[in-house]
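Visitor: Handing you a structure now.
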Amino acid sequence: MKGRITLSLIKPYAVKNGYAGQILAIINEAGFRISAMKYIQLSTNQAKKFYAIHNGQNYFDKLVNFITEGPVVVLLLEKEDAVASYRKLIGATDPHKAEDGTLRKLFGASIELNAVHGSDSDENAIRESNFFFSETERF
Ligand code: CMP
């Protein structure tokens, strides 16, 4: 059975440019329920832990730098088949390849500054949501 949760980050680039409100409105209109949300800045160690599956890639250091350069909005989202549904809403990792109307096409600048993160599997959605939110922070 497909999972009902996915974890998203509105990345520092998008927050800094004032896109967070528009991104949240689009997420709401697409039918996701926000079951937890926080506004935080990740430390380098926390970012390395969150993105551990990318450790060893040639873009890893850049990725850690970009995600720690300012605050992020962390969202735990709920919807039927949440991971696939949210990945459709955000579009391809590279905004230049993302479909029109997707969050990354609308608000991303490059593969590094791609505006939002979305979990890529149910397993990672659970791991990532446990990384950010305790039981008492979920509604
Ligand atoms: P995100 O969904 O946050 O998950 C991992 C991130 O690594 C991804 O978005 C991109 O921002 C970044 N990323 C993935 N592939 C590359 C790549 N080939 N070059 C640079 N950054 C990448």
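In the structure tokens, chains take the letters A, B, ... in the order shown, each chain's residues start at 1, and ligands count up from 1 in the order shown.
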Show me a table, sorted first by chain and then by increasing residue number, of the residues of segment 44-94 of chain A having an atom at most 12 Å from segment 102-113 of chain A, each with its shortest atom pair and the distance in Å to one decimal, counting only C-alpha atoms and written as a tab-separated table.

Guide:
```
residue	atom	partner	partner_atom	distance
A:Tyr59	CA	A:Glu112	CA	8.4
A:Phe60	CA	A:Glu112	CA	10.1
A:Asp61	CA	A:Glu112	CA	10.9
A:Lys62	CA	A:Glu112	CA	7.6
A:Leu63	CA	A:Glu112	CA	6.6
A:Val64	CA	A:Glu112	CA	10.1
A:Asn65	CA	A:Glu112	CA	10.0
A:Phe66	CA	A:Glu112	CA	7.4
A:Ile67	CA	A:Leu113	CA	9.1
A:Glu69	CA	A:Leu113	CA	11.5
A:Ser85	CA	A:Thr102	CA	11.7
A:Tyr86	CA	A:Leu103	CA	9.9
A:Arg87	CA	A:Thr102	CA	9.2
A:Lys88	CA	A:Thr102	CA	7.5
A:Leu89	CA	A:Thr102	CA	5.3
A:Ile90	CA	A:Leu103	CA	4.5
A:Gly91	CA	A:Thr102	CA	5.2
A:Ala92	CA	A:Arg104	CA	7.3
A:Thr93	CA	A:Ile111	CA	6.0
A:Asp94	CA	A:Ile111	CA	4.3
```

Visitor: Env of Leu76 of chain A: 6 Å cut, atoms = only C-alpha atoms, seq-sep filter 5 positions within chain, self excluded. Answer as an NGL selection string.

Guide: :A and (7 or 34-36)

Visitor: Go ahead and save the picked residues with all heavy atoms, as a JSON list (two decimals), in the first residue's frame.

Guide:
```json
[["chain", "number", "residue", "atom", "x", "y", "z"],
["A", 7, "LEU", "N", 7.81, 14.27, 3.09],
["A", 7, "LEU", "CA", 8.50, 15.35, 3.80],
["A", 7, "LEU", "C", 9.03, 16.33, 2.76],
["A", 7, "LEU", "O", 9.69, 15.92, 1.79],
["A", 7, "LEU", "CB", 9.64, 14.75, 4.63],
["A", 7, "LEU", "CG", 10.40, 15.59, 5.66],
["A", 7, "LEU", "CD1", 11.36, 16.60, 5.02],
["A", 7, "LEU", "CD2", 9.46, 16.30, 6.64],
["A", 34, "ILE", "N", -1.21, 19.81, 5.79],
["A", 34, "ILE", "CA", 0.04, 20.03, 6.50],
["A", 34, "ILE", "C", -0.13, 19.48, 7.92],
["A", 34, "ILE", "O", -0.89, 20.03, 8.71],
["A", 34, "ILE", "CB", 0.42, 21.52, 6.53],
["A", 34, "ILE", "CG1", 0.63, 22.03, 5.10],
["A", 34, "ILE", "CG2", 1.66, 21.76, 7.39],
["A", 34, "ILE", "CD1", 0.84, 23.53, 4.98],
["A", 35, "SER", "N", 0.55, 18.36, 8.22],
["A", 35, "SER", "CA", 0.37, 17.79, 9.56],
["A", 35, "SER", "C", 1.47, 18.21, 10.53],
["A", 35, "SER", "O", 1.32, 18.03, 11.74],
["A", 35, "SER", "CB", 0.22, 16.27, 9.52],
["A", 35, "SER", "OG", 1.15, 15.69, 8.70],
["A", 36, "ALA", "N", 2.55, 18.83, 10.01],
["A", 36, "ALA", "CA", 3.56, 19.45, 10.88],
["A", 36, "ALA", "C", 4.35, 20.44, 10.04],
["A", 36, "ALA", "O", 4.50, 20.26, 8.83],
["A", 36, "ALA", "CB", 4.50, 18.39, 11.46]]
```

Visitor: Contacts of Gln46 of chain A at 10 Å or less, counting only C-alpha atoms, minus same-chain residues fewer than 4 places along, as a VMD selection string?

Guide: chain A and resid 41 to 42 50 to 52 64 68 131

Visitor: Just list the residues in chain A DSSP gives helix (DSSP H, G or I) on the backbone, as a count of residues only.

Guide: 62

Visitor: Measuring atom to atom with only C-alpha atoms and all ligand atoms, identify which of A:Asn114, A:Asn55, A:Asn17, A:Thr6 is nearest to ligand 1.

Guide: A:Asn114
